[in-house]
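Visitor: Sharing structure_35.txt below, compact mmCIF, C-alpha atoms:
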```
# COMPACT_ATOMS: atom_id res chain seq x y z
CA GLU A 415 1.33 -18.35 9.19
CA ASP A 416 3.75 -15.74 7.88
CA LYS A 417 4.82 -13.27 10.54
CA VAL A 418 6.98 -10.17 10.83
CA VAL A 419 7.96 -8.76 14.22
CA GLN A 420 9.68 -5.44 14.76
CA SER A 421 11.42 -4.11 17.83
CA PRO A 422 11.41 -1.86 19.62
CA LEU A 423 7.87 -0.63 19.02
CA SER A 424 8.92 2.89 19.90
CA LEU A 425 12.13 4.76 20.49
CA VAL A 426 13.03 8.28 21.59
CA VAL A 427 16.53 9.59 20.94
CA HIS A 428 18.33 12.91 20.61
CA GLU A 429 19.77 14.39 17.48
CA GLY A 430 23.14 12.91 16.67
CA ASP A 431 22.41 9.53 18.24
CA THR A 432 22.69 6.29 16.29
CA VAL A 433 19.72 3.93 16.29
CA THR A 434 19.24 0.32 15.29
CA LEU A 435 15.82 -1.02 14.40
CA ASN A 436 15.16 -4.72 14.32
CA CYS A 437 12.97 -6.91 12.17
CA SER A 438 12.57 -10.67 12.49
CA TYR A 439 10.41 -12.81 10.28
CA GLU A 440 8.93 -16.22 9.68
CA VAL A 441 7.75 -16.70 6.12
CA THR A 442 7.43 -19.55 3.70
CA ASN A 443 9.83 -19.35 0.78
CA PHE A 444 11.36 -15.97 1.56
CA ARG A 445 11.90 -13.73 -1.45
CA SER A 446 12.74 -10.28 -0.17
CA LEU A 447 12.57 -7.93 2.80
CA LEU A 448 11.67 -4.29 2.41
CA TRP A 449 11.99 -1.28 4.68
CA TYR A 450 9.58 1.64 4.43
CA LYS A 451 9.49 5.00 6.17
CA GLN A 452 6.10 6.41 7.06
CA GLU A 453 5.72 9.97 8.17
CA LYS A 454 2.23 11.40 8.32
CA LYS A 455 1.11 9.98 5.04
CA ALA A 456 1.85 6.96 2.89
CA PRO A 457 4.80 4.63 3.44
CA THR A 458 7.75 5.44 1.22
CA PHE A 459 10.24 2.84 0.08
CA LEU A 460 13.73 2.78 1.61
CA PHE A 461 15.47 -0.52 0.88
CA MET A 462 14.92 -3.93 -0.57
CA LEU A 463 17.11 -6.82 0.61
CA THR A 464 17.31 -10.27 -0.88
CA SER A 465 20.77 -11.57 -0.01
CA SER A 466 22.43 -12.12 3.34
CA GLY A 467 25.37 -10.03 4.42
CA ILE A 468 25.14 -7.35 1.73
CA GLU A 469 24.68 -3.94 3.25
CA LYS A 470 22.45 -1.45 1.52
CA LYS A 471 23.23 2.21 2.18
CA SER A 472 21.51 5.47 1.49
CA GLY A 473 23.09 8.45 3.18
CA ARG A 474 22.88 7.96 6.92
CA LEU A 475 20.64 4.91 6.59
CA SER A 476 21.88 1.38 6.09
CA SER A 477 20.36 -2.06 6.30
CA ILE A 478 21.50 -5.64 6.27
CA LEU A 479 19.80 -9.01 6.11
CA ASP A 480 20.62 -12.31 7.81
CA LYS A 481 18.67 -15.09 6.11
CA LYS A 482 20.07 -17.74 8.41
CA GLU A 483 18.86 -16.06 11.57
CA LEU A 484 15.81 -14.59 9.81
CA PHE A 485 16.25 -10.95 10.69
CA SER A 486 17.22 -7.58 9.35
CA ILE A 487 18.41 -4.36 10.96
CA LEU A 488 18.03 -0.78 9.88
CA ASN A 489 20.67 1.61 11.17
CA ILE A 490 20.39 5.37 11.21
CA THR A 491 23.52 7.30 12.16
CA ALA A 492 23.71 10.94 13.26
CA THR A 493 19.93 11.11 13.58
CA GLN A 494 18.06 14.29 12.74
CA THR A 495 14.59 15.46 13.70
CA GLY A 496 13.52 14.73 10.12
CA ASP A 497 14.15 11.06 10.76
CA SER A 498 11.17 10.99 13.11
CA ALA A 499 8.72 8.56 11.56
CA VAL A 500 7.34 5.05 11.72
CA TYR A 501 9.71 2.55 10.13
CA LEU A 502 8.00 -0.46 8.64
CA CYS A 503 9.55 -3.79 7.76
CA ALA A 504 7.77 -6.00 5.24
CA VAL A 505 8.52 -9.41 3.82
CA LEU A 506 7.54 -10.98 0.54
CA GLY A 507 6.93 -14.67 1.09
CA SER A 508 5.65 -17.70 -0.66
CA SER A 509 3.68 -16.26 -3.53
CA ASN A 510 5.11 -14.32 -6.40
CA THR A 511 2.48 -11.64 -6.20
CA GLY A 512 3.97 -8.85 -4.16
CA LYS A 513 1.78 -9.67 -1.17
CA LEU A 514 3.82 -7.98 1.53
CA ILE A 515 3.43 -8.96 5.16
CA PHE A 516 4.13 -5.93 7.35
CA GLY A 517 5.45 -5.73 10.88
CA GLN A 518 3.90 -3.47 13.48
CA GLY A 519 6.41 -0.75 12.82
CA THR A 520 8.87 1.11 15.03
CA THR A 521 7.95 4.67 15.94
CA LEU A 522 11.10 6.76 16.13
CA GLN A 523 11.10 10.20 17.68
CA VAL A 524 14.25 12.28 17.38
CA LYS A 525 14.39 15.21 19.78
CA PRO A 526 16.45 18.34 19.08
CA ASP B 1421 2.95 10.19 -13.01
CA ALA B 1422 0.40 11.27 -10.42
CA GLY B 1423 0.94 8.23 -8.24
CA VAL B 1424 -1.80 6.23 -6.57
CA ILE B 1425 -4.80 8.47 -5.95
CA GLN B 1426 -7.27 7.81 -3.16
CA SER B 1427 -10.45 9.55 -2.14
CA PRO B 1428 -11.78 10.76 0.14
CA ARG B 1429 -8.77 11.71 2.24
CA HIS B 1430 -10.90 11.94 5.34
CA GLU B 1431 -14.36 10.64 6.10
CA VAL B 1432 -16.37 10.90 9.27
CA THR B 1433 -19.60 8.96 9.36
CA GLU B 1434 -22.07 7.48 11.79
CA MET B 1435 -22.38 3.86 12.67
CA GLY B 1436 -24.60 2.02 10.24
CA GLN B 1437 -23.86 4.21 7.25
CA GLU B 1438 -22.34 2.95 4.04
CA VAL B 1439 -18.78 4.03 3.28
CA THR B 1440 -17.14 3.86 -0.14
CA LEU B 1441 -13.42 4.43 -0.57
CA ARG B 1442 -11.94 4.92 -4.02
CA CYS B 1443 -8.58 4.26 -5.59
CA LYS B 1444 -6.92 4.99 -8.90
CA PRO B 1445 -3.72 2.96 -9.32
CA ILE B 1446 -0.67 4.08 -11.23
CA SER B 1447 -1.24 3.65 -14.93
CA GLY B 1448 0.22 0.38 -16.18
CA HIS B 1449 0.25 -1.30 -12.77
CA ASP B 1450 -1.64 -4.57 -12.88
CA TYR B 1451 -1.67 -5.35 -9.15
CA LEU B 1452 -3.80 -3.40 -6.70
CA PHE B 1453 -3.83 -3.86 -2.93
CA TRP B 1454 -6.09 -2.56 -0.17
CA TYR B 1455 -4.49 -2.27 3.29
CA ARG B 1456 -5.92 -1.09 6.59
CA GLN B 1457 -3.73 0.51 9.24
CA THR B 1458 -4.53 0.87 12.93
CA MET B 1459 -2.38 1.48 15.96
CA MET B 1460 -3.27 -1.90 17.39
CA ARG B 1461 -2.81 -4.08 14.33
CA GLY B 1462 -0.46 -2.13 12.08
CA LEU B 1463 -0.80 -2.57 8.32
CA GLU B 1464 -3.10 -5.41 7.36
CA LEU B 1465 -3.72 -6.61 3.83
CA LEU B 1466 -7.44 -6.78 3.13
CA ILE B 1467 -7.59 -7.84 -0.51
CA TYR B 1468 -5.61 -7.64 -3.71
CA PHE B 1469 -6.39 -7.77 -7.40
CA ASN B 1470 -4.42 -8.83 -10.44
CA ASN B 1471 -5.67 -7.62 -13.81
CA ASN B 1472 -8.91 -6.52 -12.14
CA VAL B 1473 -9.58 -9.98 -10.70
CA PRO B 1474 -9.66 -10.49 -6.90
CA ILE B 1475 -6.91 -12.96 -6.01
CA ASP B 1476 -6.92 -13.12 -2.24
CA ASP B 1477 -9.61 -11.62 -0.02
CA SER B 1478 -8.74 -13.62 3.07
CA GLY B 1479 -7.91 -10.43 4.92
CA MET B 1480 -11.37 -8.93 4.52
CA PRO B 1481 -12.69 -8.82 8.09
CA GLU B 1482 -16.26 -9.83 7.42
CA ASP B 1483 -19.15 -9.67 4.99
CA ARG B 1484 -19.67 -5.99 5.67
CA PHE B 1485 -16.56 -5.35 3.58
CA SER B 1486 -16.51 -5.68 -0.19
CA ALA B 1487 -14.15 -4.55 -2.91
CA LYS B 1488 -14.45 -4.23 -6.64
CA MET B 1489 -12.20 -3.37 -9.54
CA PRO B 1490 -14.39 -2.78 -12.58
CA ASN B 1491 -11.47 -1.68 -14.74
CA ALA B 1492 -7.70 -1.24 -14.64
CA SER B 1493 -7.87 2.34 -13.42
CA PHE B 1494 -10.40 2.18 -10.62
CA SER B 1495 -11.18 0.23 -7.47
CA THR B 1496 -13.57 0.68 -4.57
CA LEU B 1497 -13.66 -0.63 -1.03
CA LYS B 1498 -17.10 -0.55 0.51
CA ILE B 1499 -18.17 -1.00 4.13
CA GLN B 1500 -21.85 -1.53 4.75
CA PRO B 1501 -22.94 -1.06 7.47
CA SER B 1502 -19.98 0.68 9.06
CA GLU B 1503 -19.06 0.23 12.73
CA PRO B 1504 -16.81 2.24 15.06
CA ARG B 1505 -14.19 -0.54 15.02
CA ASP B 1506 -13.76 0.07 11.28
CA SER B 1507 -12.11 3.40 12.08
CA ALA B 1508 -8.65 3.27 10.52
CA VAL B 1509 -6.56 4.57 7.67
CA TYR B 1510 -7.21 2.61 4.49
CA PHE B 1511 -4.37 2.52 2.00
CA CYS B 1512 -4.49 1.52 -1.61
CA ALA B 1513 -1.24 0.43 -3.26
CA SER B 1514 -0.28 -0.74 -6.71
CA ARG B 1515 2.65 -2.21 -8.56
CA ALA B 1516 3.60 -3.61 -11.90
CA SER B 1517 4.32 -7.26 -12.58
CA GLY B 1518 7.58 -8.44 -14.05
CA ARG B 1519 10.84 -7.61 -12.28
CA ALA B 1520 9.05 -5.64 -9.58
CA ALA B 1521 6.98 -8.71 -8.75
CA ASN B 1522 9.99 -10.42 -7.30
CA THR B 1523 10.94 -7.52 -5.08
CA GLY B 1524 7.50 -6.65 -3.82
CA GLU B 1525 7.90 -2.88 -3.97
CA LEU B 1526 4.52 -1.25 -3.70
CA PHE B 1527 3.54 2.31 -4.36
CA PHE B 1528 1.08 3.61 -1.80
CA GLY B 1529 -1.62 6.21 -2.02
CA GLU B 1530 -1.98 8.90 0.63
CA GLY B 1531 -4.65 6.90 2.45
CA SER B 1532 -8.25 7.50 3.45
CA ARG B 1533 -8.74 8.20 7.12
CA LEU B 1534 -12.09 6.82 8.22
CA THR B 1535 -13.76 7.67 11.50
CA VAL B 1536 -17.00 5.91 12.37
CA LEU B 1537 -18.83 7.49 15.29
```
Produce structure tokens that represent the structure in this file.
Guide:
Amino acid sequence: EDKVVQSPLSLVVHEGDTVTLNCSYEVTNFRSLLWYKQEKKAPTFLFMLTSSGIEKKSGRLSSILDKKELFSILNITATQTGDSAVYLCAVLGSSNTGKLIFGQGTTLQVKP
Amino acid sequence: DAGVIQSPRHEVTEMGQEVTLRCKPISGHDYLFWYRQTMMRGLELLIYFNNNVPIDDSGMPEDRFSAKMPNASFSTLKIQPSEPRDSAVYFCASRASGRAANTGELFFGEGSRLTVL
């Protein structure tokens, strides 16, 4: 059965800290891994990763994929209170239908 | 584009009542997904449609749950009878086929928060 596991489940840091969120997966015929940010409403798309070792960056956020070890990390540098959210990792597996398997999410709280 | 539109945004009902959640996908998107989110289980896929046809309903918890997509611009998720353990946020999401199919990016609605007392 396809599975996505995120760690830690929750994290509290102070503004300016750097955080690393982890996502490991077991899926049949991996196609892509996606990161979403969820504040109080719907998840919003951050990154999509398909190849190992290629870092994706957007401002203070970056992510990288390791297809050999079956994991991805999401880094946030110089955190701000606006980064407080649930970060979701999702993997597209064996079918070509966009059926994403989501992890439990990591709840990040950034304190002033 | 208005994005994926869901209604109601919030619903509070009593155990045993019928609940109907509605979704309007983004125009032109031919895949529609219903997810349920709880603290305990995270985001779970319930069912998805392609071109209005249900493709995989293996995530539907039990016979009390049903979903329909009578046309390309409308879908419903019905719970009858509802139970307290159905309390969750129900998300509808859609995407287009083609290039986006290989990346899996979904566009989510704002969600319907259901509370069953």
Visitor: Contacts between chain A and chain B, please, where a residue of chain B counts if it comes within 9 Å (with only C-alpha atoms); show its shortest atom pair and distance in Å to one decimal, rows by chain and ascending number, as a tab-separated table.
Guide:
```
residue	atom	partner	partner_atom	distance
B:Tyr1451	CA	A:Thr511	CA	8.1
B:Phe1453	CA	A:Lys513	CA	8.3
B:Met1459	CA	A:Gln518	CA	8.4
B:Met1460	CA	A:Gln518	CA	8.3
B:Arg1461	CA	A:Gln518	CA	6.8
B:Gly1462	CA	A:Gln518	CA	4.8
B:Leu1463	CA	A:Phe516	CA	6.0
B:Glu1464	CA	A:Phe516	CA	7.2
B:Leu1465	CA	A:Ile515	CA	7.6
B:Tyr1468	CA	A:Lys513	CA	8.1
B:Asn1470	CA	A:Thr511	CA	8.6
B:Phe1511	CA	A:Ala456	CA	7.7
B:Arg1515	CA	A:Gly512	CA	8.1
B:Ser1517	CA	A:Thr511	CA	8.0
B:Ala1520	CA	A:Gly512	CA	8.1
B:Ala1521	CA	A:Gly512	CA	5.5
B:Asn1522	CA	A:Asn510	CA	6.3
B:Thr1523	CA	A:Ser446	CA	5.9
B:Gly1524	CA	A:Gly512	CA	4.2
B:Glu1525	CA	A:Gly512	CA	7.1
B:Leu1526	CA	A:Gly512	CA	7.6
B:Phe1527	CA	A:Thr458	CA	7.7
B:Phe1528	CA	A:Ala456	CA	5.8
B:Gly1529	CA	A:Ala456	CA	6.1
B:Glu1530	CA	A:Ala456	CA	4.9
B:Gly1531	CA	A:Ala456	CA	6.5
```
Visitor: Could you list, as a VMD selection string, every residue within 7 Å of Lys1444 (chain B), counting all atoms listed in the file and ignoring same-chain residues fewer than 5 positions away?
Guide: chain B and resid 1424 to 1426 1493 to 1495
Visitor: What is the CA of Glu1434 (chain B) to CA of Leu1537 (chain B) distance in Å?
Guide: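 Between these atoms lies a distance of 4.8 Å.
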Visitor: Quick one: residues within 8 Å of Gly467 (chain A), all atoms listed in the file counted, chain neighbours fewer than 3 positions away excluded, as a list in words?
Guide: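 The filter keeps Ile478, Leu479 and Asp480 of chain A.
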Visitor: Find the distance between CA of Glu429 (chain A) and CA of Glu469 (chain A) and write it in Å to one decimal.
Guide: 23.7 Å
Visitor: Using CA of Phe1485 (chain B) and CA of Ala1513 (chain B) as the two end points, give the distance in Å to one decimal.
Guide: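 CA of Ala1513 (chain B) lies at a distance of 17.7 Å from CA of Phe1485 (chain B).
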Visitor: Taking 3 positions as the minimum chain separation for residues in the same chain, which residues sit within 12 Å of Pro422 (chain A) when counting only C-alpha atoms? Answer as an MDAnalysis selection string.
Guide: chainID A and resid 419 425:426 433:438 487:488 500:502 517:522
Visitor: Name all residues at most 8 Å from region 1436-1443 of chain B (count only C-alpha atoms; drop same-chain ones fewer than 5 positions away) and give them as a PyMOL selection string.
Guide: chain B and resi 1424-1428+1494-1503+1512+1532
Visitor: Which polymer residues have any atom within 8 Å of an atom of Asp1506 (chain B), counting only C-alpha atoms, with same-chain residues fewer than 4 positions away left out, as a list in words?
Guide: Ser1502, Leu1534, Thr1535 and Val1536 of chain B
